[in-house]
file run.pdb (PDB, C-alpha atoms)
MODEL        1
ATOM      1  CA  MET A 547     -37.581 -28.302  41.142
ATOM      2  CA  LYS A 548     -34.843 -25.873  40.144
ATOM      3  CA  GLN A 549     -34.911 -25.004  36.477
ATOM      4  CA  ARG A 550     -31.723 -25.032  34.445
ATOM      5  CA  PRO A 551     -30.774 -21.616  33.038
ATOM      6  CA  VAL A 552     -31.784 -21.125  29.444
ATOM      7  CA  ARG A 553     -28.777 -20.983  27.157
ATOM      8  CA  PRO A 554     -28.756 -18.191  24.593
ATOM      9  CA  SER A 555     -29.727 -19.340  21.150
ATOM     10  CA  PHE A 556     -27.226 -19.685  18.337
ATOM     11  CA  GLY A 557     -28.522 -16.490  16.731
ATOM     12  CA  GLU A 558     -28.336 -14.540  19.996
ATOM     13  CA  ARG A 559     -24.760 -15.591  20.660
ATOM     14  CA  LEU A 560     -23.822 -14.742  17.095
ATOM     15  CA  SER A 561     -25.302 -11.247  17.332
ATOM     16  CA  ILE A 562     -23.626 -10.548  20.653
ATOM     17  CA  ALA A 563     -20.301 -11.897  19.413
ATOM     18  CA  VAL A 564     -20.361  -9.729  16.298
ATOM     19  CA  ILE A 565     -21.370  -6.555  18.146
ATOM     20  CA  VAL A 566     -18.848  -6.935  20.994
ATOM     21  CA  ALA A 567     -16.040  -7.932  18.631
ATOM     22  CA  LEU A 568     -16.781  -4.933  16.396
ATOM     23  CA  ILE A 569     -16.627  -2.573  19.363
ATOM     24  CA  TYR A 570     -13.285  -4.094  20.309
ATOM     25  CA  ALA A 571     -12.116  -3.826  16.708
ATOM     26  CA  LEU A 572     -12.873  -0.109  16.567
ATOM     27  CA  LEU A 573     -11.086   0.448  19.870
ATOM     28  CA  LEU A 574      -8.011  -1.342  18.540
ATOM     29  CA  TYR A 575      -8.225   0.595  15.290
ATOM     30  CA  GLY A 576      -8.165   3.838  17.257
ATOM     31  CA  LEU A 577      -5.147   2.597  19.180
ATOM     32  CA  PHE A 578      -3.102   1.322  16.237
ATOM     33  CA  TRP A 579      -4.161   3.250  13.161
ATOM     34  CA  SER A 580      -6.121   6.446  13.826
ATOM     35  CA  SER A 581      -2.977   8.487  14.552
ATOM     36  CA  SER A 582      -2.380   8.604  10.812
ATOM     37  CA  GLY A 583      -0.115  11.605  10.869
ATOM     38  CA  ALA A 584       2.028  10.364  13.741
ATOM     39  CA  GLU A 585       5.715   9.578  13.636
ATOM     40  CA  ASP A 586       6.806   6.397  11.887
ATOM     41  CA  ASN A 587       6.929   4.017  14.818
ATOM     42  CA  LYS A 588       3.334   4.875  15.678
ATOM     43  CA  ALA A 589       1.900   5.112  12.191
ATOM     44  CA  MET A 590       2.874   1.595  11.095
ATOM     45  CA  ARG A 591       2.367  -1.248  13.523
ATOM     46  CA  PHE A 592       3.121  -4.154  11.233
ATOM     47  CA  ILE A 593       2.904  -7.030  13.694
ATOM     48  CA  GLY A 594       0.500  -5.518  16.199
ATOM     49  CA  GLY A 595      -1.801  -3.819  13.712
ATOM     50  CA  LEU A 596      -1.805  -6.286  10.839
ATOM     51  CA  VAL A 597      -1.528  -9.660  12.601
ATOM     52  CA  LEU A 598      -2.168  -9.474  16.346
ATOM     53  CA  MET A 599      -5.128  -7.114  16.005
ATOM     54  CA  PRO A 600      -7.221  -9.369  13.712
ATOM     55  CA  MET A 601      -6.179 -12.363  15.823
ATOM     56  CA  ALA A 602      -7.534 -10.688  18.952
ATOM     57  CA  ILE A 603     -10.773  -9.577  17.290
ATOM     58  CA  ALA A 604     -11.513 -13.051  15.930
ATOM     59  CA  SER A 605     -10.557 -14.632  19.259
ATOM     60  CA  LEU A 606     -13.048 -12.461  21.143
ATOM     61  CA  ALA A 607     -15.793 -13.309  18.647
ATOM     62  CA  THR A 608     -15.131 -17.047  18.991
ATOM     63  CA  SER A 609     -14.974 -16.886  22.798
ATOM     64  CA  ILE A 610     -18.422 -15.272  22.962
ATOM     65  CA  HIS A 611     -20.064 -17.205  20.157
ATOM     66  CA  ASP A 612     -18.814 -20.675  21.099
ATOM     67  CA  PRO A 613     -17.702 -20.722  24.755
ATOM     68  CA  ARG A 614     -17.883 -24.555  24.849
ATOM     69  CA  GLY A 615     -16.008 -25.221  21.628
ATOM     70  CA  GLU A 616     -18.920 -27.048  20.032
ATOM     71  CA  SER A 617     -18.917 -25.555  16.539
ATOM     72  CA  THR A 618     -16.674 -26.391  13.606
ATOM     73  CA  ARG A 619     -13.378 -24.696  12.842
ATOM     74  CA  TRP A 620     -14.683 -23.456   9.503
ATOM     75  CA  ARG A 621     -17.659 -21.772  11.159
ATOM     76  CA  GLN A 622     -15.414 -19.864  13.545
ATOM     77  CA  VAL A 623     -13.009 -18.890  10.791
ATOM     78  CA  LYS A 624     -15.929 -17.460   8.799
ATOM     79  CA  LEU A 625     -17.138 -15.600  11.890
ATOM     80  CA  GLY A 626     -13.721 -13.976  12.277
ATOM     81  CA  TRP A 627     -13.732 -12.975   8.612
ATOM     82  CA  LEU A 628     -17.207 -11.510   8.992
ATOM     83  CA  VAL A 629     -16.242  -9.323  11.940
ATOM     84  CA  VAL A 630     -12.974  -8.164  10.404
ATOM     85  CA  GLY A 631     -14.676  -7.493   7.068
ATOM     86  CA  ILE A 632     -17.421  -5.396   8.643
ATOM     87  CA  GLY A 633     -14.802  -3.557  10.693
ATOM     88  CA  LEU A 634     -12.802  -2.666   7.582
ATOM     89  CA  VAL A 635     -15.909  -1.361   5.841
ATOM     90  CA  LEU A 636     -16.723   0.798   8.869
ATOM     91  CA  THR A 637     -13.219   2.304   8.896
ATOM     92  CA  VAL A 638     -13.595   3.267   5.233
ATOM     93  CA  ILE A 639     -17.029   4.829   5.800
ATOM     94  CA  PHE A 640     -16.510   6.596   9.114
ATOM     95  CA  PHE A 641     -12.738   7.048   9.425
ATOM     96  CA  LYS A 642     -11.911   7.681   5.747
ATOM     97  CA  GLU A 643      -9.496   4.779   5.641
ATOM     98  CA  SER A 644      -8.026   4.443   2.152
ATOM     99  CA  ILE A 645      -8.919   1.615  -0.195
ATOM    100  CA  ILE A 646      -5.189   1.168  -0.820
ATOM    101  CA  CYS A 647      -4.512   0.256   2.810
ATOM    102  CA  VAL A 648      -7.577  -1.966   3.068
ATOM    103  CA  VAL A 649      -6.672  -3.988  -0.025
ATOM    104  CA  MET A 650      -2.997  -4.261   0.940
ATOM    105  CA  GLY A 651      -3.836  -5.292   4.490
ATOM    106  CA  LEU A 652      -6.693  -7.665   3.655
ATOM    107  CA  PRO A 653      -4.607 -10.861   3.152
ATOM    108  CA  LEU A 654      -2.825 -10.214   6.449
ATOM    109  CA  PHE A 655      -6.083  -9.493   8.251
ATOM    110  CA  ILE A 656      -7.625 -12.682   6.891
ATOM    111  CA  SER A 657      -4.590 -14.751   7.904
ATOM    112  CA  GLY A 658      -4.441 -13.237  11.388
ATOM    113  CA  SER A 659      -8.168 -13.610  11.878
ATOM    114  CA  SER A 660      -8.084 -17.277  10.837
ATOM    115  CA  LEU A 661      -5.207 -17.982  13.202
ATOM    116  CA  GLY A 662      -7.012 -16.244  16.069
ATOM    117  CA  SER A 663     -10.215 -18.227  15.509
ATOM    118  CA  LEU A 664      -8.461 -21.591  15.246
ATOM    119  CA  LEU A 665      -6.151 -20.982  18.208
ATOM    120  CA  THR A 666      -9.011 -19.841  20.420
ATOM    121  CA  LEU A 667     -11.208 -22.799  19.496
ATOM    122  CA  ALA A 668      -8.307 -25.179  20.271
ATOM    123  CA  ILE A 669      -7.741 -23.518  23.663
ATOM    124  CA  ILE A 670     -11.433 -23.703  24.577
ATOM    125  CA  ARG A 671     -11.638 -27.381  23.649
ATOM    126  CA  LYS A 672      -8.482 -28.258  25.577
ATOM    127  CA  PHE A 673      -9.252 -26.362  28.785
ATOM    128  CA  ARG A 674     -13.075 -26.492  28.591
ATOM    129  CA  SER A 675     -13.225 -22.749  29.184
ATOM    130  CA  PRO A 676     -12.913 -19.573  27.086
ATOM    131  CA  ARG A 677     -11.007 -17.806  29.864
ATOM    132  CA  ARG A 678      -7.658 -19.200  28.749
ATOM    133  CA  ALA A 679      -8.178 -17.441  25.394
ATOM    134  CA  THR A 680      -7.867 -14.063  27.139
ATOM    135  CA  LEU A 681      -4.180 -14.075  26.316
ATOM    136  CA  VAL A 682      -4.961 -14.168  22.591
ATOM    137  CA  ILE A 683      -7.501 -11.374  22.989
ATOM    138  CA  LEU A 684      -4.914  -9.195  24.737
ATOM    139  CA  LEU A 685      -2.025  -9.943  22.355
ATOM    140  CA  PRO A 686      -2.134  -6.480  20.694
ATOM    141  CA  PHE A 687      -1.533  -4.790  24.037
ATOM    142  CA  ILE A 688       1.365  -7.129  24.765
ATOM    143  CA  GLY A 689       2.975  -6.403  21.409
ATOM    144  CA  LEU A 690       2.298  -2.659  21.457
ATOM    145  CA  PRO A 691       5.260  -1.579  23.637
ATOM    146  CA  ILE A 692       7.612  -4.152  22.128
ATOM    147  CA  GLU A 693       7.284  -3.518  18.395
ATOM    148  CA  PRO A 694       8.906  -0.031  18.243
ATOM    149  CA  HIS A 695      12.128  -1.578  19.556
ATOM    150  CA  LEU A 696      12.337  -4.307  16.930
ATOM    151  CA  ILE A 697      14.870  -3.896  14.123
ATOM    152  CA  TYR A 698      13.929  -5.171  10.685
ATOM    153  CA  PRO A 699      16.278  -5.903   7.761
ATOM    154  CA  ASP A 700      16.667  -3.503   4.851
ATOM    155  CA  HIS A 701      15.506  -4.580   1.421
ATOM    156  CA  ASN A 702      16.578  -2.513  -1.575
ATOM    157  CA  ALA A 703      14.446  -2.966  -4.663
ATOM    158  CA  GLU A 704      14.111  -1.558  -8.130
ATOM    159  CA  VAL A 705      11.549  -1.734 -10.911
ATOM    160  CA  THR A 706      12.565  -1.302 -14.555
ATOM    161  CA  THR A 707      10.295  -0.848 -17.568
ATOM    162  CA  VAL A 708      11.417  -0.653 -21.197
ATOM    163  CA  ILE A 709       9.424   0.742 -24.120
ATOM    164  CA  GLU A 710      10.157   1.380 -27.803
ATOM    165  CA  ILE A 711       9.004   4.703 -29.220
ATOM    166  CA  ALA A 712       8.623   5.441 -32.941
ATOM    167  CA  ALA A 713      10.471   8.754 -32.759
ATOM    168  CA  PRO A 714      14.119   9.879 -32.779
ATOM    169  CA  VAL A 715      15.965  10.273 -29.515
ATOM    170  CA  ASP A 716      15.962  14.098 -29.497
ATOM    171  CA  ILE A 717      12.155  14.253 -29.660
ATOM    172  CA  VAL A 718      11.815  11.605 -26.946
ATOM    173  CA  TRP A 719      14.266  13.527 -24.746
ATOM    174  CA  ARG A 720      12.238  16.735 -24.991
ATOM    175  CA  ASN A 721       9.102  14.862 -23.948
ATOM    176  CA  THR A 722      10.912  13.126 -21.103
ATOM    177  CA  VAL A 723      12.784  15.841 -19.212
ATOM    178  CA  GLU A 724       9.528  17.791 -18.918
ATOM    179  CA  ILE A 725       6.042  16.300 -19.045
ATOM    180  CA  ARG A 726       3.756  19.293 -18.844
ATOM    181  CA  ASN A 727       0.005  19.469 -18.191
ATOM    182  CA  ILE A 728      -0.979  15.827 -18.504
ATOM    183  CA  ASP A 729      -4.628  15.541 -19.463
ATOM    184  CA  PRO A 730      -6.600  12.713 -17.799
ATOM    185  CA  SER A 731      -7.459  11.407 -21.270
ATOM    186  CA  GLU A 732      -3.746  10.692 -21.818
ATOM    187  CA  LEU A 733      -3.582   8.311 -18.861
ATOM    188  CA  GLN A 734      -4.231   4.652 -19.527
ATOM    189  CA  PHE A 735      -6.195   2.458 -17.131
ATOM    190  CA  THR A 736      -4.221   0.504 -14.539
ATOM    191  CA  PHE A 737      -5.154  -1.550 -11.495
ATOM    192  CA  SER A 738      -3.344   0.833  -9.136
ATOM    193  CA  HIS A 739      -4.930   4.010 -10.462
ATOM    194  CA  GLY A 740      -8.288   2.781 -11.742
ATOM    195  CA  VAL A 741      -9.194   0.323  -8.975
ATOM    196  CA  LEU A 742      -7.206   1.300  -5.880
ATOM    197  CA  GLY A 743      -7.326   5.026  -6.529
ATOM    198  CA  VAL A 744      -3.586   5.658  -6.398
ATOM    199  CA  PRO A 745      -2.941   9.325  -7.370
ATOM    200  CA  GLN A 746      -1.985   9.970 -11.003
ATOM    201  CA  PRO A 747       0.734  12.197 -12.519
ATOM    202  CA  GLN A 748      -0.375  15.619 -13.730
ATOM    203  CA  ASP A 749       2.728  17.707 -14.371
ATOM    204  CA  ALA A 750       6.540  17.601 -14.355
ATOM    205  CA  VAL A 751       8.264  20.985 -14.651
ATOM    206  CA  LEU A 752      12.030  21.329 -14.995
ATOM    207  CA  THR A 753      13.877  24.181 -13.284
ATOM    208  CA  GLY A 754      17.402  24.627 -14.598
ATOM    209  CA  ALA A 755      19.406  22.158 -16.655
ATOM    210  CA  GLY A 756      22.118  19.639 -15.912
ATOM    211  CA  ILE A 757      23.124  18.283 -12.524
ATOM    212  CA  ASP A 758      21.362  19.923  -9.543
ATOM    213  CA  ALA A 759      18.415  20.981 -11.716
ATOM    214  CA  VAL A 760      15.069  20.143 -10.175
ATOM    215  CA  ARG A 761      11.977  18.552 -11.638
ATOM    216  CA  HIS A 762       8.838  19.659  -9.786
ATOM    217  CA  LEU A 763       6.204  16.936  -9.933
ATOM    218  CA  LYS A 764       2.516  17.326  -9.320
ATOM    219  CA  TRP A 765       0.118  14.404  -8.956
ATOM    220  CA  SER A 766      -3.608  14.324  -8.407
ATOM    221  CA  LYS A 767      -5.030  14.799  -4.910
ATOM    222  CA  ASN A 768      -2.619  17.683  -4.265
ATOM    223  CA  ILE A 769       0.536  15.579  -4.121
ATOM    224  CA  ARG A 770       3.735  17.500  -4.863
ATOM    225  CA  PHE A 771       7.368  16.435  -4.631
ATOM    226  CA  GLU A 772      10.705  16.994  -6.372
ATOM    227  CA  GLU A 773      13.337  15.084  -8.282
ATOM    228  CA  VAL A 774      16.828  16.543  -7.831
ATOM    229  CA  ILE A 775      18.878  15.785 -10.934
ATOM    230  CA  THR A 776      22.055  13.799 -10.204
ATOM    231  CA  GLY A 777      22.984  12.757 -13.744
ATOM    232  CA  TRP A 778      22.420  14.481 -17.081
ATOM    233  CA  GLU A 779      23.543  13.500 -20.560
ATOM    234  CA  THR A 780      21.418  15.203 -23.196
ATOM    235  CA  ASN A 781      19.458  12.747 -25.350
ATOM    236  CA  ARG A 782      20.951   9.825 -23.431
ATOM    237  CA  PHE A 783      20.529   9.775 -19.668
ATOM    238  CA  LEU A 784      18.714  11.464 -16.790
ATOM    239  CA  SER A 785      18.893  10.428 -13.129
ATOM    240  CA  TRP A 786      17.570  11.923  -9.906
ATOM    241  CA  ASP A 787      17.060  11.578  -6.177
ATOM    242  CA  PHE A 788      13.544  11.928  -4.829
ATOM    243  CA  ARG A 789      12.957  14.795  -2.401
ATOM    244  CA  PHE A 790       9.820  15.049  -0.273
ATOM    245  CA  SER A 791       8.648  17.765   2.076
ATOM    246  CA  PRO A 792       6.494  17.083   5.146
ATOM    247  CA  ASP A 793       3.370  18.069   3.208
ATOM    248  CA  SER A 794       4.240  16.370  -0.099
ATOM    249  CA  ILE A 795       1.563  13.740   0.470
ATOM    250  CA  PRO A 796      -1.389  15.014   2.538
ATOM    251  CA  ALA A 797      -2.301  12.729   5.421
ATOM    252  CA  ALA A 798      -5.881  12.763   4.185
ATOM    253  CA  ILE A 799      -4.727  10.921   1.048
ATOM    254  CA  GLU A 800      -2.708   8.161   2.649
ATOM    255  CA  GLY A 801      -1.916   8.374   6.326
ATOM    256  CA  HIS A 802      -0.154   5.028   6.714
ATOM    257  CA  ILE A 803       2.154   4.881   3.683
ATOM    258  CA  ASN A 804       4.938   7.396   4.178
ATOM    259  CA  VAL A 805       7.270   7.275   1.159
ATOM    260  CA  ASP A 806      10.081   9.024   3.041
ATOM    261  CA  SER A 807      10.170   7.115   6.302
ATOM    262  CA  GLN A 808      12.067   4.493   8.279
ATOM    263  CA  TYR A 809      10.027   1.638   6.826
ATOM    264  CA  LEU A 810       9.716   2.898   3.228
ATOM    265  CA  LYS A 811      11.871   5.319   1.270
ATOM    266  CA  LEU A 812      11.730   6.142  -2.424
ATOM    267  CA  THR A 813      15.397   6.743  -3.172
ATOM    268  CA  ASN A 814      16.141   7.483  -6.830
ATOM    269  CA  GLY A 815      15.363   6.786 -10.459
ATOM    270  CA  ASP A 816      16.608   7.296 -13.993
ATOM    271  CA  TYR A 817      15.757   7.356 -17.690
ATOM    272  CA  HIS A 818      17.992   5.755 -20.319
ATOM    273  CA  LEU A 819      17.452   6.665 -23.978
ATOM    274  CA  LYS A 820      18.962   4.438 -26.650
ATOM    275  CA  PRO A 821      18.700   5.227 -30.380
ATOM    276  CA  LEU A 822      17.791   2.162 -32.443
ATOM    277  CA  ALA A 823      18.877   1.232 -35.958
ATOM    278  CA  ASN A 824      15.340   1.696 -37.302
ATOM    279  CA  GLY A 825      15.262   5.313 -36.154
ATOM    280  CA  ASN A 826      13.163   4.598 -33.075
ATOM    281  CA  THR A 827      14.181   5.105 -29.455
ATOM    282  CA  GLN A 828      14.320   2.620 -26.627
ATOM    283  CA  LEU A 829      13.341   4.351 -23.385
ATOM    284  CA  THR A 830      14.048   2.687 -20.042
ATOM    285  CA  LEU A 831      12.657   3.932 -16.728
ATOM    286  CA  THR A 832      13.977   2.592 -13.424
ATOM    287  CA  SER A 833      12.726   3.462  -9.928
ATOM    288  CA  ARG A 834      14.418   2.367  -6.701
ATOM    289  CA  TYR A 835      13.192   2.181  -3.140
ATOM    290  CA  ARG A 836      14.133   0.758   0.243
ATOM    291  CA  ILE A 837      11.840  -1.258   2.520
ATOM    292  CA  ARG A 838      12.429  -2.049   6.193
ATOM    293  CA  THR A 839       9.566  -4.163   7.588
ATOM    294  CA  PRO A 840       8.954  -7.664   8.960
ATOM    295  CA  ILE A 841       7.081  -8.399   5.720
ATOM    296  CA  ASN A 842       9.576  -7.134   3.142
ATOM    297  CA  VAL A 843       8.708  -9.746   0.525
ATOM    298  CA  TYR A 844       5.002  -8.918   0.712
ATOM    299  CA  CYS A 845       5.602  -5.154   0.607
ATOM    300  CA  ASP A 846       8.025  -5.533  -2.295
ATOM    301  CA  TRP A 847       5.351  -7.436  -4.229
ATOM    302  CA  TRP A 848       2.988  -4.481  -3.854
ATOM    303  CA  GLY A 849       5.786  -2.031  -4.645
ATOM    304  CA  SER A 850       6.394  -3.836  -7.905
ATOM    305  CA  ILE A 851       2.703  -3.574  -8.818
ATOM    306  CA  PHE A 852       2.521   0.148  -8.035
ATOM    307  CA  PHE A 853       5.705   1.077  -9.872
ATOM    308  CA  LYS A 854       4.960  -1.042 -12.930
ATOM    309  CA  ASP A 855       1.586   0.680 -13.225
ATOM    310  CA  PHE A 856       3.118   4.115 -12.704
ATOM    311  CA  HIS A 857       5.858   3.412 -15.251
ATOM    312  CA  SER A 858       3.360   2.226 -17.848
ATOM    313  CA  VAL A 859       1.262   5.382 -17.393
ATOM    314  CA  VAL A 860       4.183   7.811 -17.668
ATOM    315  CA  LEU A 861       5.949   5.992 -20.495
ATOM    316  CA  ASN A 862       2.701   5.785 -22.438
ATOM    317  CA  VAL A 863       2.317   9.589 -22.193
ATOM    318  CA  ILE A 864       5.903  10.096 -23.387
ATOM    319  CA  LYS A 865       5.411   7.613 -26.211
ATOM    320  CA  ASN A 866       2.175   9.155 -27.490
ATOM    321  CA  ARG A 867       3.480  12.723 -27.290
ATOM    322  CA  SER A 868       6.789  11.831 -28.954
ATOM    323  CA  GLU A 869       5.167   9.876 -31.767
ATOM    324  CA  THR A 870       2.654  12.664 -32.339
ATOM    325  CA  ALA A 871       5.494  15.193 -32.542
ATOM    326  CA  GLN A 872       7.379  12.924 -34.935
ATOM    327  CA  ARG A 873       4.378  12.571 -37.248
ATOM    328  CA  ALA A 874       3.900  16.347 -37.259
ATOM    329  CA  SER A 875       7.592  16.840 -38.060
ATOM    330  CA  SER A 876       7.424  14.309 -40.894
ATOM    331  CA  HIS A 877       4.409  16.045 -42.399
ATOM    332  CA  LEU A 878       6.236  19.378 -42.347
ATOM    333  CA  VAL A 879       9.265  17.882 -44.101
ATOM    334  CA  ALA A 880       7.063  16.141 -46.658
ATOM    335  CA  GLY A 881       5.167  19.355 -47.265
TER     336      GLY A 881
ENDMDL
END
call {"tool": "encode", "arguments": {"input": "run.pdb", "output": "structure tokens"}}
result
Amino acid sequence: MKQRPVRPSFGERLSIAVIVALIYALLLYGLFWSSSGAEDNKAMRFIGGLVLMPMAIASLATSIHDPRGESTRWRQVKLGWLVVGIGLVLTVIFFKESIICVVMGLPLFISGSSLGSLLTLAIIRKFRSPRRATLVILLPFIGLPIEPHLIYPDHNAEVTTVIEIAAPVDIVWRNTVEIRNIDPSELQFTFSHGVLGVPQPQDAVLTGAGIDAVRHLKWSKNIRFEEVITGWETNRFLSWDFRFSPDSIPAAIEGHINVDSQYLKLTNGDYHLKPLANGNTQLTLTSRYRIRTPINVYCDWWGSIFFKDFHSVVLNVIKNRSETAQRASSHLVAG
């Protein structure tokens, strides 16, 4: 009597599914993301790299783990999350992927993975075969040549932060136009800097005065860029355009977020100083940027978080230095 073939156990199928899906994940990562210093249309694959890639990875895992569509949807969704999660950890450990990118991409990876698992399970149950799910598994390769030709809408955004400083406007101005040698102890804790590891400001040196003067900014992790002054009214107003060189932000720091690119551009900013009736100064900092992606709303949400944190750090340094200078000046007058 012919014996029926022994089906792999649940644990065996799970192990195979995870291993094969992880291998596929790393191959896709190399295809979509490893060219971190490449030109814009290669460095950011929004649809292919953030949605279709996790869909394909989860689809492959489901096809191997449950080729008959017998398990629950929730189990397959969790399997997709497991594979994608392990894959992200491996990219951080072995490919030096930044925590910033991982955290920003995680909601999209989870959504894409869930969709891939559910779609694949539905296909298997309908056609009684995992072969029809091949299309989902190959989606990244289908989208790869198409995405560079897609045109996304522009979204112009700005973030404004206002602070009151217990010092006269002339003292605040001096501590605003130049912010020299910022000590780490002067920087307050923020989510962006303390948790995600976003670089922190270290120095702002002014060359010249008035319009066309240049502020040379230095941030941690060897980040350097310039602010070209476009508006200058002593003790009242300072505006600038951002200027970046090709090596302003080393690729080793953040290879996928280019702040002077087709999909993201930091454009300009300004300080407004307003003397108050109580002798204090109201200082307003505004930063502007342009986004051009298929997920503008999501990217703008993150941009708001980053700039609010940056503003709070810089304004806090200006506030503390100005108020310290004011107290010292008051003591001298009193003496």
call {"tool": "residues_near_point", "arguments": {"input": "run.pdb", "point": "(10.3, 4.6, -9.9)", "cutoff": "10 Å", "atoms": "all atoms listed in the file", "output": "list of chain:residue names"}}
result
A:Glu704, A:Val705, A:Thr706, A:Thr707, A:Phe788, A:Leu812, A:Thr813, A:Asn814, A:Gly815, A:Asp816, A:Tyr817, A:Leu831, A:Thr832, A:Ser833, A:Arg834, A:Tyr835, A:Gly849, A:Ser850, A:Phe852, A:Phe853, A:Lys854, A:Phe856, A:His857
call {"tool": "resolve_selection", "arguments": {"input": "run.pdb", "expression": "the PyMOL selection byres ((chain A and resi 671) around 12)", "output": "list in words"}}
result
Thr608, Ser609, Asp612, Pro613, Arg614, Gly615, Glu616, Ser617, Thr618, Arg619, Leu664, Leu665, Thr666, Leu667, Ala668, Ile669, Ile670, Lys672, Phe673, Arg674, Ser675, Pro676, Arg677, Arg678 and Ala679 of chain A
call {"tool": "resolve_selection", "arguments": {"input": "run.pdb", "expression": "the PyMOL selection byres ((chain A and resi 753) around 12)", "output": "VMD selection string"}}
result
chain A and resid 723 to 724 750 to 752 754 to 763 772 to 775
call {"tool": "atom_distance", "arguments": {"input": "run.pdb", "atom1": "CA of Val860 in chain A", "atom2": "CA of Pro747 in chain A"}}
result
7.6 Å
call {"tool": "atom_distance", "arguments": {"input": "run.pdb", "atom1": "CA of Gly576 in chain A", "atom2": "CA of Gly740 in chain A"}}
result
29.0 Å
call {"tool": "residues_around", "arguments": {"input": "run.pdb", "residues": "Pro686 in chain A", "least_positions_apart": "6", "cutoff": "8 Å", "atoms": "all atoms listed in the file", "output": "ChimeraX atom specification"}}
result
/A:594-595,598-599,602
call {"tool": "resolve_selection", "arguments": {"input": "run.pdb", "expression": "the PyMOL selection byres ((chain A and resi 870) around 12)", "output": "PyMOL selection string"}}
result
chain A and resi 711-714+717-718+721+863-869+871-877
call {"tool": "atom_distance", "arguments": {"input": "run.pdb", "atom1": "CA of Gly825 in chain A", "atom2": "CA of Asp716 in chain A"}}
result
11.0 Å
call {"tool": "closest_residue", "arguments": {"input": "run.pdb", "among": "A:Pro691, A:Ile803, A:Trp778, A:Ser766", "to": "Val648 in chain A", "atoms": "only C-alpha atoms"}}
result
A:Ile803
call {"tool": "residues_around", "arguments": {"input": "run.pdb", "residues": "range 621-637 of chain A", "least_positions_apart": "5", "cutoff": "8 Å", "atoms": "all atoms listed in the file", "output": "ChimeraX atom specification"}}
result
/A:564,567-568,571-572,600,603-605,607-608,642-643,648,655-656,659-660,663-664,667
call {"tool": "closest_residue", "arguments": {"input": "run.pdb", "among": "A:Val859, A:Ser657, A:Ile645, A:Arg838", "to": "Ile728 in chain A", "atoms": "all atoms listed in the file"}}
result
A:Val859
call {"tool": "residues_around", "arguments": {"input": "run.pdb", "residues": "Ser738 in chain A", "least_positions_apart": "5", "cutoff": "7 Å", "atoms": "all atoms listed in the file", "output": "number ranges by chain"}}
result
A: 743-744, 852, 855
call {"tool": "closest_residue", "arguments": {"input": "run.pdb", "among": "A:Pro745, A:Pro840, A:Pro792, A:Gly658", "to": "Lys764 in chain A", "atoms": "all atoms listed in the file"}}
result
A:Pro745
call {"tool": "closest_residue", "arguments": {"input": "run.pdb", "among": "A:Ile795, A:Leu573, A:Val741, A:Ser731", "to": "Phe687 in chain A", "atoms": "only C-alpha atoms"}}
result
A:Leu573
call {"tool": "closest_residue", "arguments": {"input": "run.pdb", "among": "A:Leu784, A:Leu742, A:Ala703, A:Leu733", "to": "Asp846 in chain A", "atoms": "only C-alpha atoms"}}
result
A:Ala703
call {"tool": "closest_residue", "arguments": {"input": "run.pdb", "among": "A:Gln746, A:Ile688, A:Arg591, A:Leu681", "to": "Gln734 in chain A", "atoms": "all atoms listed in the file"}}
result
A:Gln746
call {"tool": "axis_aligned_box", "arguments": {"input": "run.pdb", "around": "range 641-653 of chain A", "padding_each_side": "5 Å", "output": "lines of an AutoDock Vina configuration file"}}
result
center_x = -7.9
center_y = -1.6
center_z = 4.3
size_x = 19.7
size_y = 28.5
size_z = 20.2
call {"tool": "decode", "arguments": {"input": "run.pdb", "residues": "range 650-670 of chain A", "atoms": "C-alpha atoms", "output": "short mmCIF file (atom, residue, chain, number, x, y, z; two decimals), in the first residue's frame"}}
result
data_model
loop_
_atom_site.label_atom_id
_atom_site.label_comp_id
_atom_site.auth_asym_id
_atom_site.auth_seq_id
_atom_site.Cartn_x
_atom_site.Cartn_y
_atom_site.Cartn_z
CA MET A 650 9.73 56.50 10.16
CA GLY A 651 9.21 53.52 7.87
CA LEU A 652 7.81 51.13 10.48
CA PRO A 653 4.10 52.10 10.17
CA LEU A 654 4.33 51.76 6.39
CA PHE A 655 6.14 48.44 6.64
CA ILE A 656 3.52 47.12 9.05
CA SER A 657 0.66 48.27 6.81
CA GLY A 658 2.24 46.82 3.67
CA SER A 659 3.09 43.57 5.41
CA SER A 660 -0.47 43.18 6.72
CA LEU A 661 -1.92 43.83 3.28
CA GLY A 662 0.45 41.30 1.71
CA SER A 663 -0.45 38.59 4.23
CA LEU A 664 -4.20 39.12 3.93
CA LEU A 665 -4.19 39.37 0.13
CA THR A 666 -2.09 36.23 -0.23
CA LEU A 667 -4.25 34.23 2.16
CA ALA A 668 -7.38 35.32 0.24
CA ILE A 669 -5.80 34.29 -3.08
CA ILE A 670 -4.76 30.88 -1.74
#
